[in-house]
Structure formats: C-alpha cells, structure tokens
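> Structure: upload-v2.cif, mmCIF, C-alpha atoms.
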data_coords
loop_
_atom_site.group_PDB
_atom_site.id
_atom_site.type_symbol
_atom_site.label_atom_id
_atom_site.label_comp_id
_atom_site.auth_asym_id
_atom_site.auth_seq_id
_atom_site.Cartn_x
_atom_site.Cartn_y
_atom_site.Cartn_z
ATOM 1 C CA MET A 165 -25.167 9.655 -10.869
ATOM 2 C CA ASN A 166 -22.553 12.428 -11.184
ATOM 3 C CA TRP A 167 -19.381 12.137 -13.214
ATOM 4 C CA VAL A 168 -17.165 11.664 -10.134
ATOM 5 C CA THR A 169 -19.142 8.479 -9.337
ATOM 6 C CA ILE A 170 -18.907 7.375 -12.973
ATOM 7 C CA GLY A 171 -15.129 7.971 -12.861
ATOM 8 C CA SER A 172 -14.852 6.008 -9.583
ATOM 9 C CA VAL A 173 -16.830 3.111 -11.089
ATOM 10 C CA ALA A 174 -14.586 3.130 -14.179
ATOM 11 C CA LEU A 175 -11.461 3.156 -11.975
ATOM 12 C CA MET A 176 -12.671 0.229 -9.890
ATOM 13 C CA ILE A 177 -13.686 -1.818 -12.941
ATOM 14 C CA GLY A 178 -10.235 -1.092 -14.380
ATOM 15 C CA MET A 179 -8.642 -2.291 -11.127
ATOM 16 C CA LEU A 180 -10.689 -5.507 -11.188
ATOM 17 C CA VAL A 181 -9.690 -6.170 -14.810
ATOM 18 C CA PHE A 182 -6.032 -5.422 -14.012
ATOM 19 C CA ILE A 183 -5.839 -7.476 -10.800
ATOM 20 C CA TYR A 184 -7.849 -10.555 -11.867
ATOM 21 C CA PRO A 185 -5.133 -12.203 -14.055
ATOM 22 C CA ARG A 186 -2.506 -11.392 -11.403
ATOM 23 C CA MET A 187 -4.707 -13.009 -8.765
ATOM 24 C CA LYS A 188 -5.039 -16.162 -10.880
ATOM 25 C CA HIS A 189 -1.273 -16.244 -11.404
ATOM 26 C CA ALA A 190 -0.598 -15.725 -7.681
ATOM 27 C CA MET A 191 -3.134 -18.413 -6.714
ATOM 28 C CA LYS A 192 -1.416 -20.917 -9.024
ATOM 29 C CA ASN A 193 2.196 -20.074 -8.195
ATOM 30 C CA SER A 194 2.239 -19.030 -4.526
ATOM 31 C CA PRO A 195 3.784 -21.614 -2.216
ATOM 32 C CA LYS A 196 1.419 -23.117 0.358
ATOM 33 C CA GLY A 197 1.939 -21.829 3.886
ATOM 34 C CA THR A 198 2.112 -24.108 6.906
ATOM 35 C CA GLN A 199 0.141 -23.455 10.092
ATOM 36 C CA GLN A 200 3.310 -21.970 11.598
ATOM 37 C CA ASP A 201 3.681 -19.634 8.583
ATOM 38 C CA TRP A 202 0.112 -18.395 9.042
ATOM 39 C CA MET A 203 0.689 -17.853 12.765
ATOM 40 C CA GLY A 204 3.601 -15.613 11.784
ATOM 41 C CA PHE A 205 1.063 -13.473 9.934
ATOM 42 C CA VAL A 206 -1.798 -13.677 12.449
ATOM 43 C CA ILE A 207 0.289 -12.356 15.374
ATOM 44 C CA PRO A 208 1.333 -9.012 13.772
ATOM 45 C CA LEU A 209 -2.163 -8.677 12.278
ATOM 46 C CA ALA A 210 -3.712 -9.044 15.731
ATOM 47 C CA ALA A 211 -1.335 -6.342 16.966
ATOM 48 C CA VAL A 212 -2.442 -4.048 14.114
ATOM 49 C CA ILE A 213 -6.131 -4.661 14.928
ATOM 50 C CA GLY A 214 -5.471 -3.928 18.612
ATOM 51 C CA PHE A 215 -3.628 -0.737 17.711
ATOM 52 C CA VAL A 216 -6.447 0.452 15.393
ATOM 53 C CA VAL A 217 -9.011 -0.212 18.168
ATOM 54 C CA PHE A 218 -6.791 1.852 20.505
ATOM 55 C CA LEU A 219 -6.692 4.707 17.950
ATOM 56 C CA VAL A 220 -10.494 4.628 17.581
ATOM 57 C CA MET A 221 -10.916 4.749 21.360
ATOM 58 C CA MET A 222 -8.440 7.626 21.544
ATOM 59 C CA VAL A 223 -10.344 9.598 18.881
ATOM 60 C CA ARG A 224 -13.671 8.945 20.620
ATOM 61 C CA GLY A 225 -12.082 10.331 23.777
ATOM 62 C CA MET B 164 40.652 -22.676 -4.074
ATOM 63 C CA LEU B 165 39.463 -20.031 -6.475
ATOM 64 C CA GLY B 166 36.280 -22.049 -7.049
ATOM 65 C CA ASN B 167 35.665 -22.332 -3.312
ATOM 66 C CA GLN B 168 36.080 -18.587 -2.870
ATOM 67 C CA SER B 169 33.579 -17.968 -5.607
ATOM 68 C CA VAL B 170 30.993 -20.277 -4.017
ATOM 69 C CA ALA B 171 31.564 -18.827 -0.561
ATOM 70 C CA SER B 172 31.363 -15.209 -1.704
ATOM 71 C CA ARG B 173 28.092 -15.664 -3.612
ATOM 72 C CA PRO B 174 25.808 -15.562 -0.548
ATOM 73 C CA ILE B 175 27.702 -12.524 0.796
ATOM 74 C CA GLU B 176 27.218 -10.732 -2.520
ATOM 75 C CA SER B 177 23.566 -11.678 -2.417
ATOM 76 C CA VAL B 178 23.167 -10.312 1.142
ATOM 77 C CA LEU B 179 24.952 -7.095 0.163
ATOM 78 C CA ALA B 180 22.709 -6.705 -2.880
ATOM 79 C CA THR B 181 19.606 -7.276 -0.726
ATOM 80 C CA ASN B 182 20.783 -4.741 1.855
ATOM 81 C CA LYS B 183 21.364 -2.240 -0.951
ATOM 82 C CA VAL B 184 17.827 -2.764 -2.281
ATOM 83 C CA ILE B 185 16.395 -2.320 1.247
ATOM 84 C CA ARG B 186 18.418 0.853 1.864
ATOM 85 C CA ASN B 187 17.574 2.362 -1.538
ATOM 86 C CA THR B 188 13.900 1.435 -1.146
ATOM 87 C CA TYR B 189 13.540 3.121 2.257
ATOM 88 C CA GLN B 190 15.471 6.191 1.080
ATOM 89 C CA LEU B 191 13.296 6.584 -2.021
ATOM 90 C CA LEU B 192 10.146 5.823 -0.021
ATOM 91 C CA SER B 193 10.933 8.588 2.500
ATOM 92 C CA ILE B 194 11.582 11.152 -0.238
ATOM 93 C CA THR B 195 8.486 10.184 -2.245
ATOM 94 C CA LEU B 196 6.338 10.349 0.915
ATOM 95 C CA VAL B 197 7.549 13.900 1.599
ATOM 96 C CA PHE B 198 6.955 14.806 -2.062
ATOM 97 C CA SER B 199 3.489 13.253 -1.961
ATOM 98 C CA ALA B 200 2.642 15.160 1.247
ATOM 99 C CA PHE B 201 3.733 18.364 -0.512
ATOM 100 C CA ALA B 202 1.462 17.514 -3.481
ATOM 101 C CA ALA B 203 -1.416 16.883 -1.048
ATOM 102 C CA TYR B 204 -0.694 20.250 0.588
ATOM 103 C CA LEU B 205 -0.806 21.935 -2.850
ATOM 104 C CA SER B 206 -4.121 20.218 -3.565
ATOM 105 C CA ILE B 207 -5.535 21.496 -0.247
ATOM 106 C CA ALA B 208 -4.153 25.013 -0.783
ATOM 107 C CA MET B 209 -5.629 25.114 -4.298
ATOM 108 C CA GLN B 210 -8.940 23.823 -2.909
ATOM 109 C CA ALA B 211 -8.929 21.125 -5.572
ATOM 110 C CA SER B 212 -12.324 19.546 -6.156
ATOM 111 C CA GLN B 213 -13.122 15.868 -5.689
ATOM 112 C CA GLY B 214 -13.213 15.573 -9.492
ATOM 113 C CA MET B 215 -9.685 16.979 -9.830
ATOM 114 C CA GLY B 216 -8.535 14.562 -7.146
ATOM 115 C CA LEU B 217 -10.087 11.643 -9.006
ATOM 116 C CA VAL B 218 -8.469 12.671 -12.314
ATOM 117 C CA ALA B 219 -5.054 12.909 -10.588
ATOM 118 C CA THR B 220 -5.573 9.492 -8.959
ATOM 119 C CA ILE B 221 -6.590 7.859 -12.261
ATOM 120 C CA ALA B 222 -3.575 9.431 -14.009
ATOM 121 C CA GLY B 223 -1.284 8.175 -11.220
ATOM 122 C CA ILE B 224 -2.679 4.634 -11.365
ATOM 123 C CA VAL B 225 -2.508 4.475 -15.179
ATOM 124 C CA MET B 226 1.156 5.547 -14.993
ATOM 125 C CA LEU B 227 1.788 3.004 -12.258
ATOM 126 C CA TRP B 228 0.335 0.174 -14.343
ATOM 127 C CA PHE B 229 1.618 1.048 -17.803
ATOM 128 C CA VAL B 230 4.598 3.445 -17.555
ATOM 129 C CA LEU B 231 6.475 2.454 -14.389
ATOM 130 C CA PRO B 232 7.054 -1.230 -15.296
ATOM 131 C CA ARG B 233 8.636 -0.087 -18.591
ATOM 132 C CA THR B 234 10.873 2.542 -16.983
ATOM 133 C CA ALA B 235 11.716 1.027 -13.578
ATOM 134 C CA ASN B 236 14.959 -0.509 -14.840
ATOM 135 C CA SER B 237 16.301 2.789 -16.162
ATOM 136 C CA ALA B 238 17.052 6.249 -14.780
ATOM 137 C CA THR B 239 13.688 7.430 -16.138
ATOM 138 C CA GLY B 240 12.053 5.365 -13.389
ATOM 139 C CA ILE B 241 12.975 7.974 -10.753
ATOM 140 C CA PRO B 242 11.059 10.948 -12.271
ATOM 141 C CA VAL B 243 8.200 8.556 -13.112
ATOM 142 C CA ILE B 244 7.877 7.355 -9.494
ATOM 143 C CA PHE B 245 7.938 10.990 -8.313
ATOM 144 C CA LEU B 246 5.223 11.881 -10.821
ATOM 145 C CA ILE B 247 3.093 8.923 -9.710
ATOM 146 C CA THR B 248 3.448 9.634 -5.985
ATOM 147 C CA GLY B 249 2.825 13.340 -6.615
ATOM 148 C CA LEU B 250 -0.371 12.611 -8.555
ATOM 149 C CA LEU B 251 -1.597 10.152 -5.924
ATOM 150 C CA GLY B 252 -0.756 12.650 -3.155
ATOM 151 C CA PHE B 253 -2.642 15.371 -5.043
ATOM 152 C CA GLY B 254 -5.518 12.888 -5.419
ATOM 153 C CA VAL B 255 -5.978 12.404 -1.658
ATOM 154 C CA GLY B 256 -5.784 16.182 -1.042
ATOM 155 C CA PRO B 257 -9.568 16.849 -1.260
ATOM 156 C CA MET B 258 -10.295 13.985 1.159
ATOM 157 C CA VAL B 259 -7.663 15.226 3.634
ATOM 158 C CA ALA B 260 -9.041 18.779 3.303
ATOM 159 C CA TYR B 261 -12.510 17.479 4.209
ATOM 160 C CA TYR B 262 -11.254 15.742 7.359
ATOM 161 C CA LEU B 263 -9.077 18.739 8.282
ATOM 162 C CA ALA B 264 -12.207 20.909 8.199
ATOM 163 C CA VAL B 265 -14.152 18.408 10.360
ATOM 164 C CA ASN B 266 -11.456 17.494 12.897
ATOM 165 C CA PRO B 267 -7.738 18.110 12.211
ATOM 166 C CA SER B 268 -6.662 15.755 15.007
ATOM 167 C CA ILE B 269 -8.130 12.794 13.068
ATOM 168 C CA VAL B 270 -5.735 13.483 10.177
ATOM 169 C CA MET B 271 -2.754 13.633 12.521
ATOM 170 C CA THR B 272 -3.871 10.446 14.304
ATOM 171 C CA ALA B 273 -4.314 8.607 10.987
ATOM 172 C CA LEU B 274 -0.904 9.820 9.806
ATOM 173 C CA GLY B 275 0.836 8.826 13.041
ATOM 174 C CA GLY B 276 -1.071 5.536 13.186
ATOM 175 C CA THR B 277 -0.047 4.628 9.631
ATOM 176 C CA GLY B 278 3.580 5.434 10.469
ATOM 177 C CA VAL B 279 3.551 3.297 13.622
ATOM 178 C CA ILE B 280 1.903 0.324 11.835
ATOM 179 C CA PHE B 281 4.372 0.557 8.933
ATOM 180 C CA LEU B 282 7.422 0.766 11.203
ATOM 181 C CA GLY B 283 6.126 -2.086 13.365
ATOM 182 C CA LEU B 284 5.370 -4.404 10.438
ATOM 183 C CA SER B 285 8.588 -3.572 8.567
ATOM 184 C CA GLY B 286 10.576 -4.115 11.762
ATOM 185 C CA TYR B 287 8.821 -7.452 12.281
ATOM 186 C CA ALA B 288 9.545 -8.638 8.728
ATOM 187 C CA LEU B 289 13.154 -7.396 8.821
ATOM 188 C CA THR B 290 14.048 -8.857 12.219
ATOM 189 C CA THR B 291 12.264 -12.221 11.952
ATOM 190 C CA ARG B 292 13.237 -12.576 8.235
ATOM 191 C CA LYS B 293 10.139 -14.750 7.772
ATOM 192 C CA ASP B 294 9.159 -15.589 4.206
ATOM 193 C CA PHE B 295 5.630 -14.311 3.523
ATOM 194 C CA SER B 296 5.567 -15.377 -0.152
ATOM 195 C CA PHE B 297 2.803 -17.921 0.688
ATOM 196 C CA MET B 298 0.416 -14.983 1.209
ATOM 197 C CA GLY B 299 0.484 -13.827 -2.438
ATOM 198 C CA GLY B 300 -2.735 -15.544 -3.534
ATOM 199 C CA PHE B 301 -4.583 -14.691 -0.323
ATOM 200 C CA LEU B 302 -3.689 -10.989 -0.569
ATOM 201 C CA MET B 303 -4.679 -10.788 -4.247
ATOM 202 C CA VAL B 304 -8.070 -12.405 -3.514
ATOM 203 C CA GLY B 305 -8.489 -10.005 -0.578
ATOM 204 C CA MET B 306 -7.785 -7.014 -2.822
ATOM 205 C CA LEU B 307 -10.230 -8.247 -5.433
ATOM 206 C CA VAL B 308 -12.956 -8.743 -2.800
ATOM 207 C CA ILE B 309 -12.321 -5.256 -1.365
ATOM 208 C CA ILE B 310 -12.531 -3.593 -4.788
ATOM 209 C CA GLY B 311 -15.698 -5.583 -5.606
ATOM 210 C CA ALA B 312 -17.305 -4.576 -2.297
ATOM 211 C CA SER B 313 -16.310 -0.904 -2.803
ATOM 212 C CA LEU B 314 -17.795 -0.979 -6.291
ATOM 213 C CA LEU B 315 -21.028 -2.479 -4.957
ATOM 214 C CA ASN B 316 -21.172 0.128 -2.211
ATOM 215 C CA LEU B 317 -20.895 2.983 -4.719
ATOM 216 C CA PHE B 318 -24.420 1.979 -5.801
ATOM 217 C CA MET B 319 -25.809 0.777 -2.471
ATOM 218 C CA GLY B 320 -24.242 3.354 -0.116
ATOM 219 C CA ILE B 321 -24.338 1.177 3.026
ATOM 220 C CA PRO B 322 -22.263 2.890 5.789
ATOM 221 C CA ALA B 323 -21.570 -0.414 7.598
ATOM 222 C CA LEU B 324 -20.174 -1.948 4.381
ATOM 223 C CA SER B 325 -18.004 1.136 3.866
ATOM 224 C CA LEU B 326 -16.557 0.735 7.384
ATOM 225 C CA THR B 327 -16.043 -2.995 6.856
ATOM 226 C CA VAL B 328 -14.161 -2.274 3.613
ATOM 227 C CA SER B 329 -11.929 0.267 5.413
ATOM 228 C CA ALA B 330 -11.135 -2.236 8.172
ATOM 229 C CA ALA B 331 -10.405 -4.922 5.546
ATOM 230 C CA VAL B 332 -8.146 -2.499 3.617
ATOM 231 C CA ILE B 333 -6.058 -1.922 6.773
ATOM 232 C CA MET B 334 -5.658 -5.683 7.252
ATOM 233 C CA ILE B 335 -4.844 -6.434 3.596
ATOM 234 C CA MET B 336 -2.364 -3.513 3.417
ATOM 235 C CA SER B 337 -0.712 -4.813 6.606
ATOM 236 C CA GLY B 338 -0.326 -8.172 4.886
ATOM 237 C CA LEU B 339 1.047 -6.472 1.762
ATOM 238 C CA ILE B 340 3.665 -4.572 3.787
ATOM 239 C CA LEU B 341 4.845 -7.880 5.289
ATOM 240 C CA TYR B 342 4.723 -9.588 1.867
ATOM 241 C CA GLN B 343 6.611 -6.804 0.038
ATOM 242 C CA THR B 344 9.251 -6.395 2.758
ATOM 243 C CA SER B 345 9.792 -10.153 2.867
ATOM 244 C CA SER B 346 10.009 -10.184 -0.926
ATOM 245 C CA ILE B 347 12.854 -7.615 -0.800
ATOM 246 C CA ILE B 348 14.674 -9.562 1.942
ATOM 247 C CA HIS B 349 14.451 -12.880 0.098
ATOM 248 C CA GLY B 350 15.435 -11.496 -3.286
ATOM 249 C CA GLY B 351 11.980 -11.693 -4.895
ATOM 250 C CA GLU B 352 12.005 -7.954 -5.560
ATOM 251 C CA THR B 353 15.357 -6.628 -6.727
ATOM 252 C CA ASN B 354 14.192 -3.332 -8.202
ATOM 253 C CA TYR B 355 14.016 -0.635 -5.531
ATOM 254 C CA ILE B 356 11.767 1.615 -7.656
ATOM 255 C CA MET B 357 9.105 -1.108 -7.967
ATOM 256 C CA ALA B 358 9.541 -1.965 -4.271
ATOM 257 C CA THR B 359 9.031 1.708 -3.369
ATOM 258 C CA ALA B 360 5.897 1.911 -5.532
ATOM 259 C CA GLY B 361 4.397 -1.161 -3.811
ATOM 260 C CA LEU B 362 5.144 0.063 -0.289
ATOM 261 C CA PHE B 363 3.978 3.603 -1.129
ATOM 262 C CA LEU B 364 0.609 2.287 -2.368
ATOM 263 C CA SER B 365 0.168 0.146 0.740
ATOM 264 C CA LEU B 366 0.900 3.154 2.963
ATOM 265 C CA LEU B 367 -1.413 5.474 1.036
ATOM 266 C CA ASN B 368 -4.285 2.959 1.089
ATOM 267 C CA MET B 369 -3.758 2.296 4.777
ATOM 268 C CA PHE B 370 -3.729 6.031 5.557
ATOM 269 C CA THR B 371 -6.969 6.727 3.659
ATOM 270 C CA ALA B 372 -8.704 3.667 5.198
ATOM 271 C CA LEU B 373 -7.596 4.661 8.697
ATOM 272 C CA LEU B 374 -8.722 8.238 8.068
ATOM 273 C CA HIS B 375 -12.133 6.989 6.961
ATOM 274 C CA LEU B 376 -12.452 4.636 9.921
ATOM 275 C CA LEU B 377 -11.414 7.246 12.499
ATOM 276 C CA GLY B 378 -13.583 9.886 10.828
ATOM 277 C CA ALA B 379 -16.642 7.631 10.918
ATOM 278 C CA LEU B 380 -16.126 6.221 14.408
ATOM 279 C CA GLY B 381 -14.857 9.447 15.981
ATOM 280 C CA ASP B 382 -17.125 11.855 17.876
ATOM 281 C CA ASP B 383 -17.380 14.374 15.021
#
Here is the file; what I need is its structure written in the form of structure tokens.


Amino acid sequence: MNWVTIGSVALMIGMLVFIYPRMKHAMKNSPKGTQQDWMGFVIPLAAVIGFVVFLVMMVRG
Amino acid sequence: MLGNQSVASRPIESVLATNKVIRNTYQLLSITLVFSAFAAYLSIAMQASQGMGLVATIAGIVMLWFVLPRTANSATGIPVIFLITGLLGFGVGPMVAYYLAVNPSIVMTALGGTGVIFLGLSGYALTTRKDFSFMGGFLMVGMLVIIGASLLNLFMGIPALSLTVSAAVIMIMSGLILYQTSSIIHGGETNYIMATAGLFLSLLNMFTALLHLLGALGDD
C-alpha cells in the first residue's frame, strides 16, 4: 500500500467522521416529504440519468 | 398604517434579500470555477503528481471544514473560498491530465455535461421554487454510503463497484444541487460564500464522477 492510498484512506475516514453527526442531525430534523415532493425530485433525476446515458453513448460513438 | 406598511414590506425585503444571495452566489461561483480551472491548468502544466494532488485536496477540504465556517461571515471569507477552490482545482489536475492524455474529448464532454446538468437542475429549482429541504437526511445517508463504498473499494479494487459509486455520486450531487438551490430560494442559506462552497463541491464531484464514468465506458 503506497502513501497515496494511505492518504486517500485517511481522507475518507475523516469524511465519514465529519459527515456522520451531520447525517444524524439531518435525519432527525429534516421535514418528511410527501409522494408529490419525491416525484418533484424523481423527474429531474430521471432526466439527469437519461442525459448521462446519452453522453456515454456519444463517447462510445 | 405604518404598522401595515411594515408587515407588507417584510416579504418584499425577504424576496430582495433572497435574490441578492442568489445573484452573489452565482457570480462568486462563476469566478471561483474559472479560478479553479486555472489552478487545474497549473497543476497539469507543472505535471503535478497524484500525491501532490491528494495533498492539495486534503488541504482544501480541511480549510473547507474548519476555516471557511469561521470566516464566511466576514470579508476574509472571499480569499478563503478562492484558496479552497484553487486547492481543489489543483487537486483534480493530475486526474484531468491522465484523461487528457487518453482521450481529450472525454474531458470536454464531462465538462460540458456537468455544465448542462447544473444549468438544468438550477433552472428547475429556480423556476418551480419547490422546497427540497425534505431531502436533507436522504442526501446525507447517500453521501455516507458513497464514501463507505469508495473506502471499501480502495482495498477491494472492484471496477464494477467503482462505476456504481461514480453513477451514485452523479445522482447524489444532482440532489444536492436541487437541495442547495432550494435552500437559497427559501432562505435556509443566507450566506452566499457558504452557498458557493456547497455548489462548487457538488459541481466538482459531479465532474470527476462523470469523467470517471465516461473514461471507463468510453472506447479508449
């Protein structure tokens, strides 16, 4: 294991430690979304997925 | 009468303040993106190693976590955000240099693709004015899962897992762009420096994930 991998591991562990309490806070305090709210997220996400598939097909030529 | 005026003018003041945050955020985001691209160019020109890139990235993230929140409410926040975006731009330089050597068109496609996705999602959040605050917990869990999977894959080295993580990063960053933009619109984020930092990170992560995905699935 080279030192770049060790550094990457350290960075990711640091990120996990940093994000975990924020995740717990967000889980507790975020308002609950309705089905309509989630649909408002799913539609643009589907468009993003479609666009990424298009980009992959374009790159594959 | 005076009381009524005060009540009536409050929402207008609030809308004006929100518009100011949006305008300042997009202005600062554009300048920091150009600055970051310049830092990435410097990194490529200097032929910076992967190790140098990692050190710059770690320095940028440490500043983002510990220095920016303390300086974002003062004038010092501006040079700090430039330093952070410069370091993060320098950090992606070696990766961009690698893909430029393999197939330069992939880098341009990833760059253009990131721009189109960002404009599309921002436009969607700004025009519909939907409140995406309900996604906070979901996005945080998603980020945690992605980081955990990336960490696992550093030891296991499974290409399929790496591609899955990249695809998941694009989806989570898309959600974060919607969440952050909605947060600015609805007054959840009133500091344009912090808003810029959040959007910049989402864009950078999306660009690197798209680059990885296109590089792996492309012909080269």

> Write out as a tab-separated table a residue-level contact list of chain A versus chain B with cut-off 6 Å: for each qualifying residue the closest pair of atoms and the distance in Å to one decimal, counting only C-alpha atoms, rows sorted by chain and residue number upward.


residue	atom	partner	partner_atom	distance
A:Val168	CA	B:Gly214	CA	5.6
A:Met187	CA	B:Met303	CA	5.0
A:Ala190	CA	B:Gly300	CA	4.7
A:Met191	CA	B:Gly300	CA	4.3
A:Ser194	CA	B:Phe297	CA	5.4
A:Pro195	CA	B:Phe297	CA	4.8
A:Lys196	CA	B:Phe297	CA	5.4
A:Gly197	CA	B:Phe297	CA	5.1
A:Val220	CA	B:Leu377	CA	5.8
A:Val223	CA	B:Gly381	CA	5.4
A:Arg224	CA	B:Gly381	CA	4.8

> Based on the selection just made, write C-alpha atoms of those residues as an mmCIF file, in the frame of the given file.


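For reference, again.cif as written:
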data_model
loop_
_atom_site.group_PDB
_atom_site.id
_atom_site.type_symbol
_atom_site.label_atom_id
_atom_site.label_comp_id
_atom_site.auth_asym_id
_atom_site.auth_seq_id
_atom_site.Cartn_x
_atom_site.Cartn_y
_atom_site.Cartn_z
ATOM 1 C CA VAL A 168 -17.165 11.664 -10.134
ATOM 2 C CA MET A 187 -4.707 -13.009 -8.765
ATOM 3 C CA ALA A 190 -0.598 -15.725 -7.681
ATOM 4 C CA MET A 191 -3.134 -18.413 -6.714
ATOM 5 C CA SER A 194 2.239 -19.030 -4.526
ATOM 6 C CA PRO A 195 3.784 -21.614 -2.216
ATOM 7 C CA LYS A 196 1.419 -23.117 0.358
ATOM 8 C CA GLY A 197 1.939 -21.829 3.886
ATOM 9 C CA VAL A 220 -10.494 4.628 17.581
ATOM 10 C CA VAL A 223 -10.344 9.598 18.881
ATOM 11 C CA ARG A 224 -13.671 8.945 20.620
#

> Report as an mmCIF file with C-alpha atoms, keeping the file's coordinate frame the residues that result from applying the PyMOL selection byres ((chain B and resi 255) around 12) to the structure here.


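Everything below was put into out12.cif:
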data_model
loop_
_atom_site.group_PDB
_atom_site.id
_atom_site.type_symbol
_atom_site.label_atom_id
_atom_site.label_comp_id
_atom_site.auth_asym_id
_atom_site.auth_seq_id
_atom_site.Cartn_x
_atom_site.Cartn_y
_atom_site.Cartn_z
ATOM 1 C CA SER B 199 3.489 13.253 -1.961
ATOM 2 C CA ALA B 200 2.642 15.160 1.247
ATOM 3 C CA PHE B 201 3.733 18.364 -0.512
ATOM 4 C CA ALA B 202 1.462 17.514 -3.481
ATOM 5 C CA ALA B 203 -1.416 16.883 -1.048
ATOM 6 C CA TYR B 204 -0.694 20.250 0.588
ATOM 7 C CA LEU B 205 -0.806 21.935 -2.850
ATOM 8 C CA SER B 206 -4.121 20.218 -3.565
ATOM 9 C CA ILE B 207 -5.535 21.496 -0.247
ATOM 10 C CA GLN B 210 -8.940 23.823 -2.909
ATOM 11 C CA ALA B 211 -8.929 21.125 -5.572
ATOM 12 C CA SER B 212 -12.324 19.546 -6.156
ATOM 13 C CA GLN B 213 -13.122 15.868 -5.689
ATOM 14 C CA GLY B 214 -13.213 15.573 -9.492
ATOM 15 C CA MET B 215 -9.685 16.979 -9.830
ATOM 16 C CA GLY B 216 -8.535 14.562 -7.146
ATOM 17 C CA LEU B 217 -10.087 11.643 -9.006
ATOM 18 C CA VAL B 218 -8.469 12.671 -12.314
ATOM 19 C CA ALA B 219 -5.054 12.909 -10.588
ATOM 20 C CA THR B 220 -5.573 9.492 -8.959
ATOM 21 C CA ILE B 221 -6.590 7.859 -12.261
ATOM 22 C CA GLY B 223 -1.284 8.175 -11.220
ATOM 23 C CA THR B 248 3.448 9.634 -5.985
ATOM 24 C CA GLY B 249 2.825 13.340 -6.615
ATOM 25 C CA LEU B 250 -0.371 12.611 -8.555
ATOM 26 C CA LEU B 251 -1.597 10.152 -5.924
ATOM 27 C CA GLY B 252 -0.756 12.650 -3.155
ATOM 28 C CA PHE B 253 -2.642 15.371 -5.043
ATOM 29 C CA GLY B 254 -5.518 12.888 -5.419
ATOM 30 C CA GLY B 256 -5.784 16.182 -1.042
ATOM 31 C CA PRO B 257 -9.568 16.849 -1.260
ATOM 32 C CA MET B 258 -10.295 13.985 1.159
ATOM 33 C CA VAL B 259 -7.663 15.226 3.634
ATOM 34 C CA ALA B 260 -9.041 18.779 3.303
ATOM 35 C CA TYR B 261 -12.510 17.479 4.209
ATOM 36 C CA TYR B 262 -11.254 15.742 7.359
ATOM 37 C CA VAL B 270 -5.735 13.483 10.177
ATOM 38 C CA LEU B 367 -1.413 5.474 1.036
ATOM 39 C CA ASN B 368 -4.285 2.959 1.089
ATOM 40 C CA PHE B 370 -3.729 6.031 5.557
ATOM 41 C CA THR B 371 -6.969 6.727 3.659
ATOM 42 C CA ALA B 372 -8.704 3.667 5.198
ATOM 43 C CA LEU B 374 -8.722 8.238 8.068
ATOM 44 C CA HIS B 375 -12.133 6.989 6.961
#

> In terms of the shortest atom-to-atom distance over all atoms listed in the file, which of B:Ala264, B:Leu231, B:Leu324, B:Val332 is closest to Ala360 of chain B?

B:Leu231

> Kindly give the distance, in Å, that separates atom CA of Leu339 of chain B and atom CA of Leu209 of chain A, rounded to a single decimal.

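These two atoms are separated by 11.2 Å.
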
> Any idea what the distance is between atom CA of Met176 of chain A and atom CA of Pro322 of chain B?

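That distance, rounded to one decimal, is 18.6 Å.
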
> For atom CA of Val328 of chain B and atom CA of Ile177 of chain A, quote the distance in Å rounded to one decimal.

16.6 Å

> Which of these, B:Ala331, B:Leu227, B:Arg233, B:Thr344, has the shortest distance to Ile213 of chain A once you count all atoms listed in the file?

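Once distances to Ile213 of chain A are computed over all atoms listed in the file, the minimum belongs to B:Ala331.
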
> Going by the chain IDs and residue numbers used in this file, which residues fall under the PyMOL selection byres ((chain B and resi 355) around 10)? Write them as a list of chain:residue names.

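With the shown file as input, the PyMOL selection byres ((chain B and resi 355) around 10) matches B:Thr181, B:Lys183, B:Val184, B:Ile185, B:Arg186, B:Asn187, B:Thr188, B:Tyr189, B:Gln190, B:Leu191, B:Leu192, B:Ala235, B:Asn236, B:Ile347, B:Glu352, B:Thr353, B:Asn354, B:Ile356, B:Met357, B:Ala358, B:Thr359, B:Ala360, B:Gly361.
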
> Go ahead and dump the residues you just picked, C-alpha atoms, as a PDB file, in the frame of the given file.


ATOM      1  CA  THR B 181      19.606  -7.276  -0.726  1.00  0.00           C
ATOM      2  CA  LYS B 183      21.364  -2.240  -0.951  1.00  0.00           C
ATOM      3  CA  VAL B 184      17.827  -2.764  -2.281  1.00  0.00           C
ATOM      4  CA  ILE B 185      16.395  -2.320   1.247  1.00  0.00           C
ATOM      5  CA  ARG B 186      18.418   0.853   1.864  1.00  0.00           C
ATOM      6  CA  ASN B 187      17.574   2.362  -1.538  1.00  0.00           C
ATOM      7  CA  THR B 188      13.900   1.435  -1.146  1.00  0.00           C
ATOM      8  CA  TYR B 189      13.540   3.121   2.257  1.00  0.00           C
ATOM      9  CA  GLN B 190      15.471   6.191   1.080  1.00  0.00           C
ATOM     10  CA  LEU B 191      13.296   6.584  -2.021  1.00  0.00           C
ATOM     11  CA  LEU B 192      10.146   5.823  -0.021  1.00  0.00           C
ATOM     12  CA  ALA B 235      11.716   1.027 -13.578  1.00  0.00           C
ATOM     13  CA  ASN B 236      14.959  -0.509 -14.840  1.00  0.00           C
ATOM     14  CA  ILE B 347      12.854  -7.615  -0.800  1.00  0.00           C
ATOM     15  CA  GLU B 352      12.005  -7.954  -5.560  1.00  0.00           C
ATOM     16  CA  THR B 353      15.357  -6.628  -6.727  1.00  0.00           C
ATOM     17  CA  ASN B 354      14.192  -3.332  -8.202  1.00  0.00           C
ATOM     18  CA  ILE B 356      11.767   1.615  -7.656  1.00  0.00           C
ATOM     19  CA  MET B 357       9.105  -1.108  -7.967  1.00  0.00           C
ATOM     20  CA  ALA B 358       9.541  -1.965  -4.271  1.00  0.00           C
ATOM     21  CA  THR B 359       9.031   1.708  -3.369  1.00  0.00           C
ATOM     22  CA  ALA B 360       5.897   1.911  -5.532  1.00  0.00           C
ATOM     23  CA  GLY B 361       4.397  -1.161  -3.811  1.00  0.00           C
TER      24      GLY B 361
END

> Would you compute the box with edges along x, y and z of the file around segment 186-195 of chain B, including every atom the file lists for it and 4 Å extra on each side, and give its centre and edge lengths in Å to one decimal, as JSON?


{"center_x": 13.5, "center_y": 6.0, "center_z": 0.1, "size_x": 17.9, "size_y": 18.3, "size_z": 12.7}
